[in-house]
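A.B. asks: Before we start, here is the structure in question, set down as structure tokens.
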Amino acid sequence: MIIKKRLATGALGLLAVLACGLISPPAAMAGEPAPDSPKVELVLDVSGSMRARDVDGDSRMAAAKQAFNEVLDATPEEVRLGIRTLGANYPGKDRVAGCRDSEQLYPVGQVDRTEAKAAVATLRPTGWTPIGLALRGASKDLSSGDGTRRIVLITDGEDSCGQPDPCDVARELAAQGTHLVVDTLGLTLDRKVREQLSCIAEATGGTYTAIQHRDQLSSRIKQLVRRSADTPVQTPTPVQGAAECAKAPYLGSGLYSDRESFGEHRWYRMRVAPGQELRAATSVAVDRAVDPDYGILLRAMTPGGRELVRGSEAGSGRTDVISSGLRYPVADVDDDEDKTARTVCLELSQSFSAPASVKRAPGLPVELAVDVVGNDDPPADVAAFGLGRGWMLLGVLTVGGLLAGLLWGWLARWRVTVWRSN
């Protein structure tokens with residue numbers, strides 16, 4: 001009897017151990033980063049020019065180190081942060097070796113502030129400025145997960161290697177359709193540096209900021225890191241529009257990305273049933289130098305080529321993005337009529353042009369948001385009651401004018417009578 005009780009007790013203990021083993025892994029995993037956590041990688045230029053002492057009387061490198069320490073203290077818990085350097089290791093004059101000098105100083109993940117600060121403290125201005133190489137490396141560092149991804153590039157000079165060209169790399173990152181944003185901070189007011197950093201930022205939908213003071217550098221990096229945590233991500237579905245409606249892909253409600261060359265027309269198709277309304281909006285990003293006058297046109301067409309409705313926008317001068325949209329309701333039908341969904345063709349065209357020296361491939365980044373909703377929502381304006389059209393409006397105006405005239409005449413006569421009496 002005692003043996004049986006011991007066996008039973010042992011069996012219960014074994015089950016408890018197994019239960020703990022099954023339950024504990026999820027508890028341990030709770031501390032791991034979620035796959036959709038926002039990710040940021042700070043890419044710091046550690047080339048020899050960072051020795052210059054023109055940031056509030058201190059060196060550019062010292063200002064960057066202080067800013068990094070402050071940013072590490074202020075990084076939100078949900079943000080996974082990493083640090084990559086360029087030009088930090090090779091001090092020689094061999095161009096090939098110097099242009100390979102980029103490494104990840106601190107891996108992207110939940111920040112251990114003490115460890116990260118210790119890594120930053122070891123940096124000394126050293127070598128070349130391979131910005132293009134560093135951007136490609138940072139993109140790989142941020143490749144996993146579904147959350148927002150942001151690269152913050154801090155540099156005081158333009159790329160000193162030439163290959164790969166930083167602007168071309170930025171366009172490659174944008175063409176991948178992963179919503180990777182590159183923000184650039186320039187520690188100098190040099191024109192060439194400004195143009196290159198602006199090109200990198202504009203190609204990916206990021207921002208360029210010229211930095212002159214230590215506090216400004218720290219504040220701007222903190223702002224960009226917080227922005228990555230506050231910005232929800234919605235990754236568009238890549239799609240390739242056709243050159244004509246008959247060959248265009250059918251789209252469902254959602255967000256799509258495409259590329260459109262200068263002067264090209266892209267076609268897409270939607271199915272809209274009676275009693276529904278098609279809503280479409282598109283944006284074309286300008287990721288390279290273009291001529292000053294441009295426009296965008298989005299049209300809803302029948303398969304036979306008849307225009308149903310259009311939306312257009314035009315501009316002149318410098319821009320980062322231009323957008324337009326349209327709405328097309330399909331009237332409802334009686335119960336005995338055909339309610340089959342009909343095909344509506346969407347044609348997207350733009351009139352961008354560029355100097356001959358500007359690269360044509362890949363095409364300009366395009367985002368297309370489409371949705372089909374019910375069109376039976378009651379209108380919210382006065383016309384819903386019939387007062388804005390037809391004979392009813394004329395009758396209201398006539399009666400109102402007659403009553404106003406009679407009232408005005410009576411008041412005028414009364415005033416004359418009172419005046420004569422007095």
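Residue numbering restarts at 1 for every chain of the structure tokens, chains are lettered A, B, ... in their displayed order, and ligands are numbered from 1 as they appear.
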Which residues come within 9 Å of Val46 of chain A, counting only C-alpha atoms, excluding same-chain residues fewer than 3 positions away, as a list in words?
C.D. replies: Ser49, Met50, Arg51, Met61, Thr85, Leu86, Gly87, Ala88, Asn89, Leu123, Arg124, Pro125, Thr126, Gly127, Trp128, Thr129 and Thr155 of chain A
A.B. asks: Just N, CA, C and O atoms for this one: save the residues we selected as a PDB file, in the first residue's frame.
C.D. replies:
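again_36.pdb, freshly written:
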ATOM      1  N   SER A  49      37.505  62.567 -40.711  1.00  0.00           N
ATOM      2  CA  SER A  49      37.009  63.942 -40.668  1.00  0.00           C
ATOM      3  C   SER A  49      36.164  64.234 -39.442  1.00  0.00           C
ATOM      4  O   SER A  49      35.894  65.397 -39.129  1.00  0.00           O
ATOM      5  N   MET A  50      35.773  63.199 -38.695  1.00  0.00           N
ATOM      6  CA  MET A  50      34.978  63.420 -37.484  1.00  0.00           C
ATOM      7  C   MET A  50      35.816  64.002 -36.344  1.00  0.00           C
ATOM      8  O   MET A  50      35.289  64.298 -35.280  1.00  0.00           O
ATOM      9  N   ARG A  51      37.116  64.180 -36.584  1.00  0.00           N
ATOM     10  CA  ARG A  51      37.958  64.831 -35.579  1.00  0.00           C
ATOM     11  C   ARG A  51      37.742  66.343 -35.540  1.00  0.00           C
ATOM     12  O   ARG A  51      38.144  67.006 -34.573  1.00  0.00           O
ATOM     13  N   MET A  61      32.987  63.894 -33.288  1.00  0.00           N
ATOM     14  CA  MET A  61      32.891  62.561 -32.692  1.00  0.00           C
ATOM     15  C   MET A  61      32.416  62.640 -31.245  1.00  0.00           C
ATOM     16  O   MET A  61      31.567  61.852 -30.818  1.00  0.00           O
ATOM     17  N   THR A  85      28.667  51.075 -37.690  1.00  0.00           N
ATOM     18  CA  THR A  85      29.663  52.104 -37.958  1.00  0.00           C
ATOM     19  C   THR A  85      30.181  51.987 -39.378  1.00  0.00           C
ATOM     20  O   THR A  85      30.072  50.938 -40.024  1.00  0.00           O
ATOM     21  N   LEU A  86      30.751  53.084 -39.856  1.00  0.00           N
ATOM     22  CA  LEU A  86      31.478  53.065 -41.126  1.00  0.00           C
ATOM     23  C   LEU A  86      32.765  53.867 -40.932  1.00  0.00           C
ATOM     24  O   LEU A  86      32.767  54.920 -40.312  1.00  0.00           O
ATOM     25  N   GLY A  87      33.882  53.312 -41.442  1.00  0.00           N
ATOM     26  CA  GLY A  87      35.171  53.985 -41.313  1.00  0.00           C
ATOM     27  C   GLY A  87      35.758  53.927 -39.923  1.00  0.00           C
ATOM     28  O   GLY A  87      36.547  54.802 -39.557  1.00  0.00           O
ATOM     29  N   ALA A  88      35.420  52.898 -39.127  1.00  0.00           N
ATOM     30  CA  ALA A  88      35.859  52.863 -37.733  1.00  0.00           C
ATOM     31  C   ALA A  88      37.123  52.054 -37.506  1.00  0.00           C
ATOM     32  O   ALA A  88      37.717  52.134 -36.424  1.00  0.00           O
ATOM     33  N   ASN A  89      37.572  51.265 -38.491  1.00  0.00           N
ATOM     34  CA  ASN A  89      38.631  50.300 -38.213  1.00  0.00           C
ATOM     35  C   ASN A  89      39.892  50.461 -39.066  1.00  0.00           C
ATOM     36  O   ASN A  89      40.990  50.237 -38.562  1.00  0.00           O
ATOM     37  N   LEU A 123      34.964  54.102 -29.749  1.00  0.00           N
ATOM     38  CA  LEU A 123      35.110  54.587 -31.128  1.00  0.00           C
ATOM     39  C   LEU A 123      36.100  55.752 -31.205  1.00  0.00           C
ATOM     40  O   LEU A 123      36.089  56.651 -30.360  1.00  0.00           O
ATOM     41  N   ARG A 124      36.920  55.738 -32.241  1.00  0.00           N
ATOM     42  CA  ARG A 124      37.865  56.808 -32.530  1.00  0.00           C
ATOM     43  C   ARG A 124      37.809  57.115 -34.022  1.00  0.00           C
ATOM     44  O   ARG A 124      37.784  56.182 -34.829  1.00  0.00           O
ATOM     45  N   PRO A 125      37.789  58.392 -34.417  1.00  0.00           N
ATOM     46  CA  PRO A 125      37.786  58.731 -35.849  1.00  0.00           C
ATOM     47  C   PRO A 125      38.975  58.095 -36.555  1.00  0.00           C
ATOM     48  O   PRO A 125      40.121  58.277 -36.125  1.00  0.00           O
ATOM     49  N   THR A 126      38.698  57.352 -37.639  1.00  0.00           N
ATOM     50  CA  THR A 126      39.752  56.516 -38.219  1.00  0.00           C
ATOM     51  C   THR A 126      39.888  56.633 -39.731  1.00  0.00           C
ATOM     52  O   THR A 126      40.908  57.107 -40.218  1.00  0.00           O
ATOM     53  N   GLY A 127      38.878  56.161 -40.487  1.00  0.00           N
ATOM     54  CA  GLY A 127      39.128  55.855 -41.884  1.00  0.00           C
ATOM     55  C   GLY A 127      38.277  56.546 -42.916  1.00  0.00           C
ATOM     56  O   GLY A 127      38.031  57.751 -42.859  1.00  0.00           O
ATOM     57  N   TRP A 128      37.772  55.746 -43.857  1.00  0.00           N
ATOM     58  CA  TRP A 128      37.057  56.212 -45.045  1.00  0.00           C
ATOM     59  C   TRP A 128      35.568  56.393 -44.736  1.00  0.00           C
ATOM     60  O   TRP A 128      35.124  56.210 -43.607  1.00  0.00           O
ATOM     61  N   THR A 129      34.787  56.713 -45.823  1.00  0.00           N
ATOM     62  CA  THR A 129      33.345  56.964 -45.638  1.00  0.00           C
ATOM     63  C   THR A 129      32.526  56.141 -46.633  1.00  0.00           C
ATOM     64  O   THR A 129      31.942  56.668 -47.582  1.00  0.00           O
ATOM     65  N   THR A 155      26.486  61.553 -40.433  1.00  0.00           N
ATOM     66  CA  THR A 155      27.764  61.674 -41.120  1.00  0.00           C
ATOM     67  C   THR A 155      28.121  63.136 -41.309  1.00  0.00           C
ATOM     68  O   THR A 155      27.249  64.015 -41.271  1.00  0.00           O
TER      69      THR A 155
END
A.B. asks: Would you return as a PyMOL selection string the members of segment 193-390 of chain A that DSSP assigns to strand (DSSP E or B) on this structure's backbone?
C.D. replies: chain A and resi 208-210+237-238+242+250+254-260+265-272+276-285+293-301+307-316+321-329+342-350+364-374
A.B. asks: For those residues, write C-alpha atoms to a file as an mmCIF file, in the first residue's frame.
C.D. replies:
data_model
loop_
_atom_site.group_PDB
_atom_site.id
_atom_site.type_symbol
_atom_site.label_atom_id
_atom_site.label_comp_id
_atom_site.auth_asym_id
_atom_site.auth_seq_id
_atom_site.Cartn_x
_atom_site.Cartn_y
_atom_site.Cartn_z
ATOM 1 C CA TYR A 208 17.371 65.261 -44.043
ATOM 2 C CA THR A 209 18.492 67.534 -41.202
ATOM 3 C CA ALA A 210 21.556 69.767 -41.042
ATOM 4 C CA THR A 237 1.409 44.281 -51.641
ATOM 5 C CA PRO A 238 3.705 44.458 -54.682
ATOM 6 C CA ALA A 242 -0.277 46.316 -67.310
ATOM 7 C CA TYR A 250 -7.538 42.344 -60.671
ATOM 8 C CA GLY A 254 -5.964 46.992 -49.949
ATOM 9 C CA LEU A 255 -2.682 48.855 -50.363
ATOM 10 C CA TYR A 256 -0.416 48.116 -53.331
ATOM 11 C CA SER A 257 3.017 49.235 -54.537
ATOM 12 C CA ASP A 258 4.331 49.471 -58.078
ATOM 13 C CA ARG A 259 6.956 51.278 -60.181
ATOM 14 C CA GLU A 260 6.121 53.518 -63.122
ATOM 15 C CA HIS A 265 0.584 54.403 -68.238
ATOM 16 C CA ARG A 266 -0.297 51.614 -65.806
ATOM 17 C CA TRP A 267 -3.649 49.778 -65.719
ATOM 18 C CA TYR A 268 -5.384 47.852 -62.934
ATOM 19 C CA ARG A 269 -8.867 46.333 -62.628
ATOM 20 C CA MET A 270 -11.494 46.226 -59.881
ATOM 21 C CA ARG A 271 -14.878 44.510 -59.629
ATOM 22 C CA VAL A 272 -17.705 46.746 -58.411
ATOM 23 C CA GLN A 276 -21.251 49.717 -54.209
ATOM 24 C CA GLU A 277 -18.778 52.573 -54.511
ATOM 25 C CA LEU A 278 -15.180 52.339 -55.714
ATOM 26 C CA ARG A 279 -12.690 54.519 -53.867
ATOM 27 C CA ALA A 280 -9.113 54.785 -55.118
ATOM 28 C CA ALA A 281 -6.152 56.957 -54.188
ATOM 29 C CA THR A 282 -2.620 56.938 -55.534
ATOM 30 C CA SER A 283 0.692 58.571 -54.654
ATOM 31 C CA VAL A 284 3.809 58.880 -56.791
ATOM 32 C CA ALA A 285 7.061 59.514 -54.899
ATOM 33 C CA ASP A 293 6.435 70.905 -64.093
ATOM 34 C CA TYR A 294 4.583 67.636 -63.509
ATOM 35 C CA GLY A 295 1.173 66.097 -62.957
ATOM 36 C CA ILE A 296 -0.634 62.887 -62.088
ATOM 37 C CA LEU A 297 -3.906 61.500 -63.472
ATOM 38 C CA LEU A 298 -6.026 58.642 -62.123
ATOM 39 C CA ARG A 299 -9.041 57.606 -64.237
ATOM 40 C CA ALA A 300 -11.814 55.046 -63.788
ATOM 41 C CA MET A 301 -12.779 53.617 -67.195
ATOM 42 C CA GLU A 307 -14.200 57.460 -68.935
ATOM 43 C CA LEU A 308 -16.322 57.264 -65.792
ATOM 44 C CA VAL A 309 -14.565 59.650 -63.415
ATOM 45 C CA ARG A 310 -11.104 61.084 -62.928
ATOM 46 C CA GLY A 311 -8.875 62.597 -60.283
ATOM 47 C CA SER A 312 -5.839 64.714 -61.081
ATOM 48 C CA GLU A 313 -3.183 66.860 -59.449
ATOM 49 C CA ALA A 314 -0.396 69.030 -60.840
ATOM 50 C CA GLY A 315 2.533 70.926 -59.432
ATOM 51 C CA SER A 316 5.638 72.902 -60.189
ATOM 52 C CA VAL A 321 5.287 63.091 -53.384
ATOM 53 C CA ILE A 322 2.146 63.947 -55.366
ATOM 54 C CA SER A 323 -1.248 62.318 -54.808
ATOM 55 C CA SER A 324 -4.727 62.118 -56.292
ATOM 56 C CA GLY A 325 -7.906 60.078 -55.841
ATOM 57 C CA LEU A 326 -11.408 59.372 -57.087
ATOM 58 C CA ARG A 327 -14.781 57.924 -56.090
ATOM 59 C CA TYR A 328 -17.145 56.071 -58.426
ATOM 60 C CA PRO A 329 -20.561 54.880 -57.143
ATOM 61 C CA ARG A 342 -18.880 44.878 -63.312
ATOM 62 C CA THR A 343 -15.238 45.508 -64.185
ATOM 63 C CA VAL A 344 -13.844 49.009 -63.702
ATOM 64 C CA CYS A 345 -10.422 49.798 -65.143
ATOM 65 C CA LEU A 346 -8.081 52.148 -63.273
ATOM 66 C CA GLU A 347 -5.550 54.004 -65.395
ATOM 67 C CA LEU A 348 -2.617 55.713 -63.673
ATOM 68 C CA SER A 349 -0.458 58.115 -65.658
ATOM 69 C CA GLN A 350 1.992 60.887 -64.775
ATOM 70 C CA LEU A 364 9.130 56.090 -59.767
ATOM 71 C CA PRO A 365 7.653 54.462 -56.613
ATOM 72 C CA VAL A 366 3.849 54.233 -56.735
ATOM 73 C CA GLU A 367 1.370 53.383 -53.990
ATOM 74 C CA LEU A 368 -2.248 52.591 -54.818
ATOM 75 C CA ALA A 369 -4.962 52.288 -52.146
ATOM 76 C CA VAL A 370 -8.293 50.855 -53.338
ATOM 77 C CA ASP A 371 -11.508 49.932 -51.553
ATOM 78 C CA VAL A 372 -15.079 48.967 -52.426
ATOM 79 C CA VAL A 373 -17.801 50.031 -49.972
ATOM 80 C CA GLY A 374 -21.590 50.240 -49.919
#
A.B. asks: I need the residues of segment 123-356 of chain A that end up classed as alpha helix (DSSP H) by DSSP on the backbone, written out as number ranges by chain.
C.D. replies: A: 131-141, 166-175, 191-204, 214-230
A.B. asks: Counting only C-alpha atoms, which of A:Ser143, A:Thr188, A:Ser228, A:Thr122 gets nearest to Ala52 of chain A?
C.D. replies: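 The shortest atom-to-atom distance to Ala52 of chain A comes from A:Thr188.
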A.B. asks: Which residues are near Ile200 of chain A? Cut-off 12 Å, only C-alpha atoms, ignore same chain within fewer than 2 positions. Put them as an NGL selection string.
C.D. replies: :A and (131-132 or 135 or 151-153 or 158-159 or 165-174 or 180-186 or 193-198 or 202-209 or 286-289)
A.B. asks: Using Å and a single decimal, report how far atom CA of Arg60 of chain A sits from atom CA of Glu78 of chain A.
C.D. replies: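 Answer for the atom CA of Glu78 of chain A to atom CA of Arg60 of chain A separation: 29.5 Å.
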A.B. asks: What is the atom CA of Gly137 of chain A-atom CA of Ile154 of chain A distance in Å, reported with one decimal?
C.D. replies: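 Between atom CA of Gly137 of chain A and atom CA of Ile154 of chain A the gap is 15.0 Å.
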A.B. asks: Nearest to Leu81 of chain A: which of A:Glu244, A:Asp36, A:Asp141, A:Glu103 is it, counting only C-alpha atoms?
C.D. replies: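 The answer is A:Asp141, which sits nearest to Leu81 of chain A.
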A.B. asks: Check the smallest atom-to-atom distance from each of A:Arg214, A:Thr340, A:Gly92, A:Asp334 to Arg53 of chain A using only C-alpha atoms, then report the winner.
C.D. replies: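 Smallest distance to Arg53 of chain A is found for A:Arg214.
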